[in-house]
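Coordinates from structure21.cif are shown below (mmCIF, C-alpha atoms and all ligand atoms).
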data_run
loop_
_atom_site.label_atom_id
_atom_site.label_comp_id
_atom_site.auth_asym_id
_atom_site.auth_seq_id
_atom_site.Cartn_x
_atom_site.Cartn_y
_atom_site.Cartn_z
CA MET A 1 5.17 50.41 21.80
CA SER A 2 5.00 49.48 18.11
CA LEU A 3 2.72 46.56 17.19
CA PRO A 4 5.25 43.91 16.15
CA ASP A 5 7.12 44.34 19.43
CA SER A 6 4.10 43.64 21.58
CA PRO A 7 4.50 40.27 23.29
CA ILE A 8 0.73 39.83 23.25
CA VAL A 9 0.49 40.40 19.50
CA ILE A 10 3.47 38.15 18.83
CA GLY A 11 2.01 35.50 21.13
CA LEU A 12 -1.42 35.64 19.58
CA THR A 13 -0.01 35.65 16.05
CA THR A 14 2.11 32.60 16.85
CA VAL A 15 -0.86 30.71 18.30
CA ALA A 16 -3.04 31.66 15.32
CA ALA A 17 -0.30 30.60 12.88
CA LEU A 18 0.08 27.26 14.70
CA ILE A 19 -3.66 26.63 14.58
CA VAL A 20 -3.85 27.46 10.87
CA ALA A 21 -0.75 25.36 10.07
CA THR A 22 -2.06 22.44 12.10
CA SER A 23 -5.50 22.68 10.55
CA LEU A 24 -4.02 22.74 7.06
CA THR A 25 -1.75 19.78 7.70
CA MET A 26 -4.54 17.93 9.49
CA GLY A 27 -6.45 18.24 6.25
CA PHE A 28 -9.44 20.07 7.74
CA PHE A 29 -9.69 22.34 4.72
CA ALA A 30 -8.19 19.91 2.23
CA LYS A 31 -10.06 18.88 -0.88
CA ASN A 32 -10.53 15.27 -1.86
CA GLN A 33 -7.25 14.52 -3.62
CA MET A 34 -8.50 11.33 -5.22
CA PRO A 35 -11.96 11.54 -6.72
CA VAL A 36 -12.47 8.34 -8.71
CA ALA A 37 -15.80 8.66 -10.53
CA GLY A 38 -15.24 8.40 -14.27
CA ARG A 39 -11.53 7.73 -13.94
CA ASN A 40 -9.65 4.92 -15.63
CA ILE A 41 -7.92 2.84 -12.98
CA ILE A 42 -5.77 -0.29 -13.29
CA VAL A 43 -5.78 -2.44 -10.16
CA THR A 44 -3.25 -5.28 -9.99
CA GLY A 45 -3.66 -8.35 -7.80
CA ALA A 46 -7.38 -7.71 -8.07
CA SER A 47 -8.62 -11.30 -8.25
CA GLN A 48 -8.71 -11.70 -4.45
CA GLY A 49 -7.88 -10.10 -1.10
CA MET A 50 -7.06 -6.42 -0.89
CA GLY A 51 -6.82 -5.89 -4.67
CA LYS A 52 -10.31 -7.27 -5.25
CA ALA A 53 -11.70 -5.12 -2.42
CA VAL A 54 -10.00 -2.05 -3.92
CA ALA A 55 -11.47 -2.80 -7.35
CA ILE A 56 -14.97 -3.28 -5.89
CA LEU A 57 -14.70 -0.06 -3.88
CA LEU A 58 -13.51 1.95 -6.89
CA ALA A 59 -16.26 0.43 -9.05
CA SER A 60 -18.87 1.37 -6.43
CA LEU A 61 -17.63 4.97 -6.66
CA GLY A 62 -18.00 5.12 -10.43
CA ALA A 63 -14.49 4.35 -11.73
CA ASN A 64 -13.68 2.44 -14.89
CA VAL A 65 -11.62 -0.47 -13.67
CA ALA A 66 -9.13 -2.88 -15.28
CA ILE A 67 -8.29 -5.82 -13.02
CA VAL A 68 -5.09 -7.79 -13.51
CA ALA A 69 -3.86 -11.11 -12.07
CA ARG A 70 -2.71 -14.45 -13.52
CA ASP A 71 -5.33 -17.08 -12.66
CA LEU A 72 -8.32 -16.79 -15.02
CA THR A 73 -10.77 -18.68 -12.83
CA LYS A 74 -10.22 -16.39 -9.85
CA LEU A 75 -10.29 -13.36 -12.16
CA ALA A 76 -13.63 -14.40 -13.61
CA ALA A 77 -15.16 -14.80 -10.14
CA ALA A 78 -13.87 -11.37 -9.07
CA ALA A 79 -15.06 -9.83 -12.34
CA ALA A 80 -18.60 -11.14 -11.70
CA GLU A 81 -18.62 -9.41 -8.30
CA ILE A 82 -17.33 -6.14 -9.74
CA GLN A 83 -19.77 -6.27 -12.66
CA ALA A 84 -22.65 -6.75 -10.22
CA VAL A 85 -21.58 -3.57 -8.41
CA MET A 86 -21.39 -1.69 -11.72
CA ASP A 87 -24.81 -2.98 -12.78
CA ALA A 88 -26.30 -1.79 -9.49
CA ASN A 89 -24.72 1.63 -10.18
CA ALA A 90 -25.99 1.84 -13.77
CA SER A 91 -28.45 4.68 -13.21
CA LYS A 92 -25.78 6.87 -11.57
CA TYR A 93 -22.79 5.88 -13.75
CA PRO A 94 -24.23 4.53 -17.03
CA ASP A 95 -20.96 4.14 -18.97
CA GLN A 96 -18.79 2.31 -16.45
CA LYS A 97 -16.27 -0.06 -18.01
CA LEU A 98 -14.60 -3.20 -16.65
CA ALA A 99 -11.60 -4.95 -18.23
CA VAL A 100 -10.32 -8.33 -17.06
CA ILE A 101 -6.70 -9.12 -17.88
CA SER A 102 -4.64 -12.21 -17.19
CA ALA A 103 -0.94 -11.39 -17.10
CA ASP A 104 2.17 -12.29 -15.13
CA LEU A 105 3.29 -8.87 -13.92
CA SER A 106 6.66 -10.15 -12.75
CA GLU A 107 7.64 -10.29 -16.44
CA VAL A 108 8.25 -7.10 -18.45
CA GLU A 109 6.19 -8.38 -21.39
CA GLY A 110 3.29 -9.33 -19.11
CA ALA A 111 3.26 -5.89 -17.51
CA GLN A 112 3.37 -4.06 -20.86
CA ARG A 113 0.66 -6.23 -22.38
CA ALA A 114 -1.56 -5.74 -19.33
CA VAL A 115 -1.38 -1.96 -19.72
CA ALA A 116 -1.98 -2.10 -23.49
CA GLU A 117 -5.03 -4.34 -23.04
CA ALA A 118 -6.37 -2.25 -20.18
CA GLU A 119 -6.07 0.97 -22.18
CA ALA A 120 -7.67 -0.59 -25.27
CA GLN A 121 -10.69 -1.53 -23.18
CA ILE A 122 -11.19 1.27 -20.63
CA GLY A 123 -9.06 4.17 -21.97
CA GLU A 124 -5.86 5.98 -20.99
CA THR A 125 -4.67 5.16 -17.49
CA GLU A 126 -5.20 7.89 -14.92
CA ILE A 127 -4.50 5.86 -11.79
CA LEU A 128 -2.48 2.67 -11.31
CA TRP A 129 -3.00 0.90 -7.97
CA CYS A 130 -0.58 -2.01 -7.57
CA CYS A 131 -1.81 -4.59 -5.04
CA ALA A 132 -0.22 -7.76 -6.44
CA GLY A 133 2.19 -9.29 -3.96
CA GLY A 134 2.56 -11.97 -1.34
CA ALA A 135 4.76 -13.43 1.37
CA ASN A 136 6.58 -16.75 1.77
CA PRO A 137 7.66 -16.52 5.42
CA GLY A 138 10.54 -18.67 6.68
CA PHE A 139 14.15 -18.44 7.81
CA PHE A 140 16.80 -16.82 5.66
CA ARG A 141 19.21 -19.75 6.03
CA ASP A 142 16.53 -22.19 4.90
CA TYR A 143 15.36 -20.37 1.76
CA LYS A 144 16.57 -21.50 -1.60
CA PRO A 145 17.85 -18.65 -3.78
CA ALA A 146 14.72 -19.18 -5.90
CA ASP A 147 12.51 -18.41 -2.87
CA LEU A 148 14.26 -15.09 -2.38
CA GLU A 149 13.94 -14.32 -6.08
CA TRP A 150 10.26 -15.26 -6.02
CA SER A 151 9.55 -12.65 -3.38
CA MET A 152 11.47 -9.95 -5.23
CA LYS A 153 9.57 -10.73 -8.42
CA THR A 154 6.19 -11.04 -6.74
CA ASN A 155 6.45 -7.89 -4.65
CA TYR A 156 8.96 -5.58 -6.33
CA TRP A 157 9.19 -6.28 -10.04
CA SER A 158 5.44 -6.96 -10.36
CA ALA A 159 4.88 -3.34 -9.30
CA VAL A 160 7.93 -1.68 -10.84
CA TYR A 161 7.59 -2.95 -14.42
CA ILE A 162 3.97 -1.87 -14.74
CA ALA A 163 4.54 1.47 -12.99
CA HIS A 164 7.48 2.16 -15.30
CA ASN A 165 5.37 1.45 -18.36
CA VAL A 166 2.43 3.54 -17.12
CA ILE A 167 4.66 6.52 -16.23
CA GLN A 168 6.28 6.39 -19.68
CA LEU A 169 2.85 6.40 -21.31
CA MET A 170 1.47 9.14 -19.04
CA THR A 171 4.43 11.41 -19.71
CA SER A 172 4.33 10.89 -23.48
CA ARG A 173 0.79 12.28 -23.61
CA PRO A 174 -0.37 15.87 -23.40
CA PRO A 175 -0.80 17.06 -19.82
CA PRO A 176 -4.23 16.14 -18.52
CA THR A 177 -6.96 18.67 -18.91
CA GLN A 178 -8.65 19.76 -15.73
CA LYS A 179 -11.22 17.04 -16.18
CA TYR A 180 -12.12 17.27 -12.52
CA PRO A 181 -12.34 21.01 -11.78
CA THR A 182 -12.91 20.64 -8.04
CA ASN A 183 -9.68 18.73 -7.74
CA GLY A 184 -7.03 21.14 -8.97
CA ASN A 185 -4.09 18.94 -9.83
CA HIS A 186 -3.85 15.33 -8.63
CA GLN A 187 -5.11 14.03 -11.97
CA ARG A 188 -2.78 11.04 -12.17
CA LYS A 189 -1.49 8.67 -9.54
CA ILE A 190 0.74 5.65 -9.08
CA ILE A 191 -0.10 3.75 -5.88
CA PHE A 192 2.09 0.89 -4.64
CA THR A 193 1.24 -1.56 -1.87
CA SER A 194 3.90 -2.34 0.70
CA SER A 195 3.26 -3.45 4.28
CA LEU A 196 3.78 -2.57 7.94
CA VAL A 197 6.81 -4.84 7.49
CA ALA A 198 8.52 -1.93 5.71
CA PHE A 199 8.50 -0.06 9.04
CA CYS A 200 9.27 -2.73 11.64
CA PRO A 201 11.55 -5.79 11.81
CA LEU A 202 9.62 -9.06 12.04
CA VAL A 203 11.52 -12.34 12.27
CA GLY A 204 10.50 -14.68 9.44
CA TYR A 205 9.91 -11.98 6.80
CA SER A 206 13.51 -11.75 5.54
CA SER A 207 12.49 -12.55 1.96
CA TYR A 208 9.61 -10.07 2.08
CA SER A 209 10.77 -7.03 4.03
CA GLY A 210 13.44 -6.19 1.43
CA PRO A 211 11.15 -5.85 -1.58
CA LYS A 212 8.46 -4.14 0.50
CA ALA A 213 10.92 -1.61 1.96
CA ALA A 214 12.29 -1.14 -1.55
CA LEU A 215 8.83 -0.16 -2.78
CA ARG A 216 8.53 2.33 0.03
CA ALA A 217 11.96 3.83 -0.81
CA LEU A 218 11.10 3.89 -4.50
CA THR A 219 7.92 5.80 -3.62
CA ASP A 220 9.93 8.51 -1.86
CA THR A 221 12.27 8.97 -4.81
CA LEU A 222 9.60 8.66 -7.47
CA ARG A 223 7.26 11.05 -5.65
CA GLN A 224 9.96 13.68 -5.94
CA GLU A 225 10.81 12.93 -9.58
CA CYS A 226 7.15 12.78 -10.57
CA LEU A 227 6.65 16.37 -9.39
CA LEU A 228 8.13 17.03 -12.85
CA TYR A 229 5.18 15.35 -14.50
CA ASP A 230 2.37 16.22 -12.06
CA ILE A 231 1.91 12.56 -11.16
CA ASP A 232 1.33 11.69 -7.48
CA VAL A 233 3.07 8.62 -6.05
CA HIS A 234 1.89 6.78 -2.94
CA CYS A 235 2.58 3.50 -1.15
CA CYS A 236 -0.03 1.81 1.07
CA CYS A 237 1.41 0.09 4.16
CA PRO A 238 -1.33 -1.99 5.84
CA GLY A 239 -1.00 -4.42 8.74
CA SER A 240 -2.41 -7.97 8.55
CA ILE A 241 -5.19 -8.43 5.98
CA LEU A 242 -7.61 -11.37 6.31
CA SER A 243 -7.05 -12.58 2.74
CA PRO A 244 -6.50 -15.89 0.91
CA GLY A 245 -2.83 -14.87 0.72
CA LEU A 246 -2.61 -14.63 4.54
CA ASP A 247 -4.29 -18.05 4.95
CA ASN A 248 -1.76 -19.50 2.55
CA GLU A 249 1.35 -17.96 4.11
CA ASN A 250 0.21 -19.04 7.58
CA LEU A 251 0.72 -22.66 6.47
CA THR A 252 4.50 -22.17 6.52
CA LYS A 253 4.83 -19.28 8.97
CA PRO A 254 7.34 -19.78 11.82
CA ASP A 255 5.60 -19.93 15.22
CA MET A 256 7.68 -16.99 16.47
CA LEU A 257 6.27 -14.78 13.72
CA LYS A 258 2.75 -15.98 14.46
CA GLU A 259 3.29 -15.05 18.08
CA ILE A 260 4.48 -11.55 17.21
CA GLU A 261 1.69 -11.02 14.68
CA ALA A 262 -0.85 -12.01 17.33
CA GLU A 263 0.04 -8.71 19.05
CA ASP A 264 -1.84 -7.06 16.22
CA ASP A 265 -5.22 -8.13 17.50
CA THR A 266 -7.02 -6.19 14.80
CA PRO A 267 -6.28 -7.92 11.49
CA GLN A 268 -8.56 -6.23 9.00
CA THR A 269 -10.88 -7.39 6.26
CA PRO A 270 -9.73 -6.52 2.74
CA GLU A 271 -12.78 -4.23 2.50
CA ASP A 272 -11.70 -2.19 5.54
CA VAL A 273 -8.11 -1.96 4.27
CA ALA A 274 -9.35 -0.69 0.90
CA LYS A 275 -11.70 1.82 2.54
CA TYR A 276 -9.20 3.28 5.00
CA CYS A 277 -6.35 3.38 2.49
CA LEU A 278 -8.60 5.25 0.04
CA GLU A 279 -9.56 7.72 2.76
CA GLU A 280 -5.88 8.39 3.42
CA LEU A 281 -5.21 8.79 -0.30
CA GLN A 282 -8.08 11.25 -0.53
CA ARG A 283 -6.42 13.29 2.20
CA GLY A 284 -3.16 13.15 0.26
CA GLN A 285 -1.16 10.88 2.57
CA THR A 286 1.99 9.62 0.82
CA LEU A 287 2.16 6.36 2.83
CA PRO A 288 -1.48 5.45 3.53
CA VAL A 289 -2.19 3.00 6.36
CA SER A 290 -5.42 1.41 7.51
CA SER A 291 -4.93 0.86 11.26
CA PHE A 292 -3.59 2.71 14.28
CA LEU A 293 -0.78 0.18 14.75
CA ALA A 294 0.48 0.75 11.23
CA ARG A 295 0.08 4.49 11.73
CA ALA A 296 2.25 4.33 14.83
CA ALA A 297 4.89 2.25 13.03
CA ARG A 298 4.79 4.68 10.10
CA SER A 299 5.23 7.73 12.31
CA ALA A 300 8.43 6.22 13.73
CA MET A 301 9.88 5.48 10.27
CA VAL A 302 8.65 8.28 8.07
CA GLY A 303 11.77 10.49 7.84
CA PRO A 304 11.48 13.08 5.09
CA THR A 305 8.32 11.62 3.55
CA PRO A 306 5.55 14.23 3.56
CA ARG A 307 2.91 13.50 6.18
CA VAL A 308 -0.59 14.85 6.49
CA GLY A 309 -1.23 15.80 10.12
CA PHE A 310 2.32 16.91 10.90
CA LEU A 311 1.75 17.77 14.55
CA PHE A 312 0.02 14.56 15.60
CA GLU A 313 2.30 12.31 13.54
CA THR A 314 5.37 13.94 15.05
CA LEU A 315 4.09 13.61 18.64
CA LEU A 316 3.17 9.99 17.87
CA SER A 317 6.69 9.31 16.58
CA TRP A 318 8.15 10.58 19.87
CA ALA A 319 5.85 8.28 21.83
CA CYS A 320 6.86 5.38 19.56
CA ALA A 321 10.56 6.01 20.17
CA ILE A 322 9.84 5.15 23.82
CA VAL A 323 7.34 2.36 23.13
CA TYR A 324 9.77 0.71 20.70
CA ILE A 325 12.33 0.19 23.49
CA PHE A 326 9.88 -2.27 25.03
CA VAL A 327 8.38 -3.63 21.81
CA ARG A 328 11.81 -4.49 20.41
CA ARG A 329 12.90 -6.13 23.68
CA GLY A 330 9.70 -8.17 23.59
CA HIS A 331 10.22 -9.31 20.00
CA ASP A 332 13.93 -10.05 20.47
CA GLY A 333 12.93 -11.94 23.63
CA ILE A 334 10.67 -14.23 21.63
CA VAL A 335 13.60 -15.07 19.33
CA LEU A 336 16.05 -15.53 22.20
CA ARG A 337 13.60 -17.82 23.99
CA GLU A 338 13.55 -20.03 20.87
CA ARG A 339 17.37 -20.10 20.83
CA LYS A 340 17.42 -21.13 24.47
CA ALA A 341 14.90 -23.88 23.84
CA LYS A 342 16.50 -25.29 20.69
CA GLY A 343 20.17 -24.37 21.01
CA LEU A 344 22.35 -23.05 18.23
CA PRO A 345 21.95 -24.85 14.87
CA TRP A 346 25.28 -26.69 14.95
CA GLU A 347 24.49 -28.02 18.41
CA ASN A 348 21.43 -29.82 17.12
CA ARG A 349 22.88 -30.50 13.67
CA GLN A 350 20.18 -28.74 11.69
CA VAL A 351 22.51 -27.54 8.95
N1 LIG A 401 -2.33 -10.29 3.74
C1 LIG A 401 -1.63 -9.54 4.57
O1 LIG A 401 -1.57 -9.81 5.77
C2 LIG A 401 -0.90 -8.33 4.05
C3 LIG A 401 -0.67 -8.14 2.70
N2 LIG A 401 0.00 -7.02 2.27
C4 LIG A 401 0.21 -6.80 0.85
O2 LIG A 401 -1.03 -6.38 0.29
C5 LIG A 401 -1.18 -6.89 -1.03
C6 LIG A 401 -2.45 -7.72 -1.10
O3 LIG A 401 -2.33 -8.80 -0.20
P1 LIG A 401 -3.45 -9.92 -0.08
O4 LIG A 401 -4.78 -9.29 -0.04
O5 LIG A 401 -3.00 -10.82 1.02
O6 LIG A 401 -3.28 -10.66 -1.49
P2 LIG A 401 -3.47 -12.19 -1.90
O7 LIG A 401 -2.20 -12.93 -1.69
O8 LIG A 401 -4.70 -12.74 -1.29
O9 LIG A 401 -3.67 -12.01 -3.49
C7 LIG A 401 -2.61 -11.61 -4.30
C8 LIG A 401 -3.13 -11.14 -5.64
O10 LIG A 401 -2.01 -10.79 -6.48
C9 LIG A 401 -2.05 -11.54 -7.69
N3 LIG A 401 -0.68 -11.81 -8.11
C10 LIG A 401 0.31 -12.40 -7.39
N4 LIG A 401 1.43 -12.51 -8.13
C11 LIG A 401 1.13 -11.97 -9.36
C12 LIG A 401 1.87 -11.82 -10.56
N5 LIG A 401 3.13 -12.25 -10.67
N6 LIG A 401 1.26 -11.24 -11.62
C13 LIG A 401 0.00 -10.82 -11.53
N7 LIG A 401 -0.75 -10.94 -10.41
C14 LIG A 401 -0.19 -11.52 -9.35
C15 LIG A 401 -2.84 -12.81 -7.29
O11 LIG A 401 -3.45 -13.46 -8.38
P3 LIG A 401 -2.72 -14.67 -9.20
O12 LIG A 401 -1.99 -15.50 -8.19
O13 LIG A 401 -3.81 -15.37 -9.91
O14 LIG A 401 -1.80 -13.98 -10.16
C16 LIG A 401 -3.89 -12.19 -6.40
O15 LIG A 401 -4.90 -11.57 -7.16
C17 LIG A 401 0.10 -7.66 -1.31
O16 LIG A 401 1.00 -6.82 -1.99
C18 LIG A 401 0.63 -8.02 0.07
O17 LIG A 401 2.02 -8.21 0.07
C19 LIG A 401 0.40 -6.05 3.13
C20 LIG A 401 0.19 -6.18 4.46
C21 LIG A 401 -0.46 -7.34 5.04
C1 LIG A 402 5.08 1.31 17.85
C2 LIG A 402 4.74 0.38 16.74
C3 LIG A 402 4.76 -1.03 17.14
C4 LIG A 402 4.66 -1.99 16.00
C5 LIG A 402 4.53 -3.39 16.53
C6 LIG A 402 4.30 -4.42 15.47
C7 LIG A 402 3.61 -5.65 16.00
C8 LIG A 402 3.45 -6.72 14.99
C9 LIG A 402 2.32 -6.58 14.04
C10 LIG A 402 2.52 -7.34 12.78
C11 LIG A 402 1.56 -7.06 11.73
C12 LIG A 402 1.87 -7.75 10.43
C13 LIG A 402 2.15 -6.83 9.32
C14 LIG A 402 1.93 -7.23 7.90
C15 LIG A 402 2.18 -8.63 7.48
C16 LIG A 402 2.30 -8.81 6.01
O1 LIG A 402 2.61 -7.93 5.27
C17 LIG A 402 2.09 -10.19 5.49
N1 LIG A 402 1.12 -10.92 6.18
C18 LIG A 402 1.88 -10.16 4.01
O2 LIG A 402 1.07 -11.09 3.46
#
Now that the file is in, can you turn its structure into structure tokens?
Amino acid sequence: MSLPDSPIVIGLTTVAALIVATSLTMGFFAKNQMPVAGRNIIVTGASQGMGKAVAILLASLGANVAIVARDLTKLAAAAAEIQAVMDANASKYPDQKLAVISADLSEVEGAQRAVAEAEAQIGETEILWCCAGGANPGFFRDYKPADLEWSMKTNYWSAVYIAHNVIQLMTSRPPPTQKYPTNGNHQRKIIFTSSLVAFCPLVGYSSYSGPKAALRALTDTLRQECLLYDIDVHCCCPGSILSPGLDNENLTKPDMLKEIEAEDDTPQTPEDVAKYCLEELQRGQTLPVSSFLARAARSAMVGPTPRVGFLFETLLSWACAIVYIFVRRGHDGIVLRERKAKGLPWENRQV
């Protein structure tokens, strides 16, 4: 019996290959794909919430950071916190730089000026992490066109204009040297911030789910195109974040949406979201999440997007296909209960 024909050898080889493939995709042997010490990083929406937590985390790890938002007072307060972290680091990272930039990123000019000012102060951009965004929950029929436009500008254009500018600049410069020899490639990154909403329908987020899903779709396309330039593209998709933005949106949030969101009994601090998203980025995850719920929702929606941990993510997606039958019934039930209680709009003359 020749070797390749032996069922035992074939069996053992298959098992060994599966273990190696799983280990590789689980990231057991993977290098850190996002070292940040000494890197120049622009963080948008960094005056509060997740963006501020991201900027503080990156500063604590030795990055040069440019923070961007509109309101100068909030920016100054965030800058003081980040500077304190950099001062505490001074012996380890003596040359750390911080730039503070006020710009409206939903305008092309604001986005371009923000990048120019950031680069003048901290150097050529190596990583752009877009966190600026926000939700104005409500009902589609009740929004004014301007409300829908606000969400598109705040969530989509505020990320797309600046990413476009940064990619044009990155690709007009010589390819990066291997400044970080342990890291192989992965020198430059664009990171968007979407939401669990991009994976799962949630009544009340009709103005928000579109732009957030658009960012996620853009990430898939841009990730592929940016293979040309050796730039990595990612999109973070966290669940609820205990931020000033969440407090604010809760003021106008429909009760039905509050009820559904209460199922996520683990809303996270901005610090935890920043930490877990960075860990996923370091493993090379294209759509980083920060909680198990968001991970489950991602697994069910991921399609052709590359995933680290192929085996587990795929098994999880099968489980979710079943779980979703009940989750969707539950959520639709909450909406139908409201309809039963209030009647159709023309019956109670709401229009
Ligand atoms: N909070 C949550 O439950 C969740 C949030 N997300 C997403 O995560 C990101 C962070 O959320 P969160 O921590 O709640 O953020 P916050 O709403 O608390 O803060 C938003 C930040 O973005 C800035 N920003 C908003 N619009 C612009 C603009 N046009 N130009 C420049 N800066 C702008 C704000 O500053 P200023 O207003 O001064 O410009 C602020 O710094 C957002 O993209 C959000 O959609 C995802 C999942 C859940
Ligand atoms: C099998 C998978 C089941 C999934 C069930 C989902 C249950 C609901 C959880 C809702 C979490 C809210 C997400 C982000 C909200 C957001 O982005 C805004 N707050 C932005 O500010």
Can you pull out every residue within 8 Å of Gln33 (chain A), counting all atoms listed in the file, but drop anything in the same chain fewer than 6 positions away, and send it as a ChimeraX atom specification? /A:183,186,281-284
Who sits within 9 Å of Ala213 (chain A), only C-alpha atoms, same chain under 4 positions skipped, as a list in words: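 Here the qualifying residues turn out to be Ser194, Ser195, Val197, Ala198, Phe199, Tyr208, Ser209, Ala217 and Leu218 of chain A.
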Selection to disk with C-alpha atoms, as a compact mmCIF listing (two decimals), in the frame of the given file:
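Full text of part15.txt as output:
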# COMPACT_ATOMS: atom_id res chain seq x y z
CA SER A 194 3.90 -2.34 0.70
CA SER A 195 3.26 -3.45 4.28
CA VAL A 197 6.81 -4.84 7.49
CA ALA A 198 8.52 -1.93 5.71
CA PHE A 199 8.50 -0.06 9.04
CA TYR A 208 9.61 -10.07 2.08
CA SER A 209 10.77 -7.03 4.03
CA ALA A 217 11.96 3.83 -0.81
CA LEU A 218 11.10 3.89 -4.50
Measure the distance from CA of Gly134 (chain A) to atom O6 of ligand LIG 401 (chain A) in Å and round it to one decimal.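 According to the coordinates, CA of Gly134 (chain A) and atom O6 of ligand LIG 401 (chain A) are separated by 6.0 Å.
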Counting all atoms listed in the file, what residues are within 6 Å of ligand LIG 401 (chain A), given as a compact mmCIF listing (two decimals) with C-alpha atoms, keeping the file's coordinate frame?
# COMPACT_ATOMS: atom_id res chain seq x y z
CA GLY A 45 -3.66 -8.35 -7.80
CA ALA A 46 -7.38 -7.71 -8.07
CA SER A 47 -8.62 -11.30 -8.25
CA GLN A 48 -8.71 -11.70 -4.45
CA GLY A 49 -7.88 -10.10 -1.10
CA MET A 50 -7.06 -6.42 -0.89
CA GLY A 51 -6.82 -5.89 -4.67
CA ALA A 69 -3.86 -11.11 -12.07
CA ARG A 70 -2.71 -14.45 -13.52
CA ASP A 71 -5.33 -17.08 -12.66
CA ALA A 103 -0.94 -11.39 -17.10
CA ASP A 104 2.17 -12.29 -15.13
CA LEU A 105 3.29 -8.87 -13.92
CA SER A 106 6.66 -10.15 -12.75
CA CYS A 131 -1.81 -4.59 -5.04
CA ALA A 132 -0.22 -7.76 -6.44
CA GLY A 133 2.19 -9.29 -3.96
CA GLY A 134 2.56 -11.97 -1.34
CA THR A 154 6.19 -11.04 -6.74
CA SER A 158 5.44 -6.96 -10.36
CA THR A 193 1.24 -1.56 -1.87
CA SER A 194 3.90 -2.34 0.70
CA SER A 195 3.26 -3.45 4.28
CA PRO A 238 -1.33 -1.99 5.84
CA GLY A 239 -1.00 -4.42 8.74
CA SER A 240 -2.41 -7.97 8.55
CA ILE A 241 -5.19 -8.43 5.98
CA LEU A 242 -7.61 -11.37 6.31
CA SER A 243 -7.05 -12.58 2.74
CA PRO A 244 -6.50 -15.89 0.91
CA GLY A 245 -2.83 -14.87 0.72
CA LEU A 246 -2.61 -14.63 4.54
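Residues in contact range of Gly123 (chain A), defined as at most 10 Å between all atoms listed in the file, with sequence neighbours fewer than 6 positions away removed, read Arg39, Asn40, Ile41, Asn64, Val65, Ala66, Lys97, Ala116 and Glu117 of chain A.
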Would you mind reading off the distance between CA of Gly303 (chain A) and atom C4 of ligand LIG 402 (chain A), one decimal, in Å?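 Answer for the CA of Gly303 (chain A) to atom C4 of ligand LIG 402 (chain A) separation: 16.5 Å.
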Can you tell me which residues surround Ile101 (chain A) at a distance of at most 7 Å, considering only C-alpha atoms, apart from same-chain residues fewer than 5 positions away, and format the answer as a list in words?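 After dropping sequence-adjacent residues, the list is Ile67, Val68, Ala69 and Ala114 of chain A.
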Fewer than 3 positions away in the same chain doesn't count, so skip those; otherwise give me all residues within 10 Å of Cys236 (chain A), counting all atoms listed in the file, as a PyMOL selection string. chain A and resi 129-131+191-196+215-216+239+273-274+277-278+280-281+285-290
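Using all atoms listed in the file, the nearest neighbour of ligand LIG 402 (chain A) within the list A:Val233, A:Leu228, A:Cys200, A:Leu344 is A:Cys200.
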Calculate how many Å separate CA of Thr314 (chain A) from CA of Ala294 (chain A), rounding to one decimal.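 Going from CA of Thr314 (chain A) over to CA of Ala294 (chain A), I get 14.6 Å.
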Near region 56-60 of chain A, 9 Å: region 76-157 of chain A residue rows, closest pairs, only C-alpha atoms, as CSV:
residue,atom,partner,partner_atom,distance
A:Ala78,CA,A:Ile56,CA,8.8
A:Glu81,CA,A:Ile56,CA,7.5
A:Ile82,CA,A:Ile56,CA,5.3
A:Gln83,CA,A:Ala59,CA,8.4
A:Val85,CA,A:Ser60,CA,6.0
A:Met86,CA,A:Ala59,CA,6.2
A:Ala88,CA,A:Ser60,CA,8.6
A:Asn89,CA,A:Ser60,CA,7.0
A:Gln96,CA,A:Ala59,CA,8.0
A:Lys97,CA,A:Ala59,CA,9.0
A:Leu98,CA,A:Ala59,CA,8.6
For each of A:Asp87, A:Asp247, A:Glu124, A:Glu119, take the minimum atom-to-atom distance to ligand LIG 402 (chain A), counting only C-alpha atoms and all ligand atoms, then give the residue where this is smallest. A:Asp247
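For the choices A:Arg328, A:Arg337, A:Arg141, A:Lys342, the atom-to-atom distance to ligand LIG 402 (chain A) is smallest for A:Arg328 when using all atoms listed in the file.
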Hey, which of A:Ser291, A:Asn248, A:Thr125, A:Glu225 ends up closest to Thr266 (chain A)? Count only C-alpha atoms. A:Ser291
Which residue is closest to Val302 (chain A)? Choose from A:Pro201, A:Cys237, A:Ala76, A:Gly11 and count only C-alpha atoms.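 Looking at the shortest contact to Val302 (chain A), the residue is A:Cys237.
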Nearest candidate to ligand LIG 402 (chain A) (options A:Phe292, A:Phe312, A:Tyr156, A:Trp346; using all atoms listed in the file):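 The closest residue to ligand LIG 402 (chain A) is A:Phe292.
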As lines of an AutoDock Vina configuration file, please: the centre and edge lengths in Å, to one decimal, of an axis-aligned box enclosing every listed atom of ligand LIG 402 (chain A) with 5 Å added on each side.
center_x = 3.1
center_y = -4.9
center_z = 10.7
size_x = 14.0
size_y = 22.4
size_z = 24.4
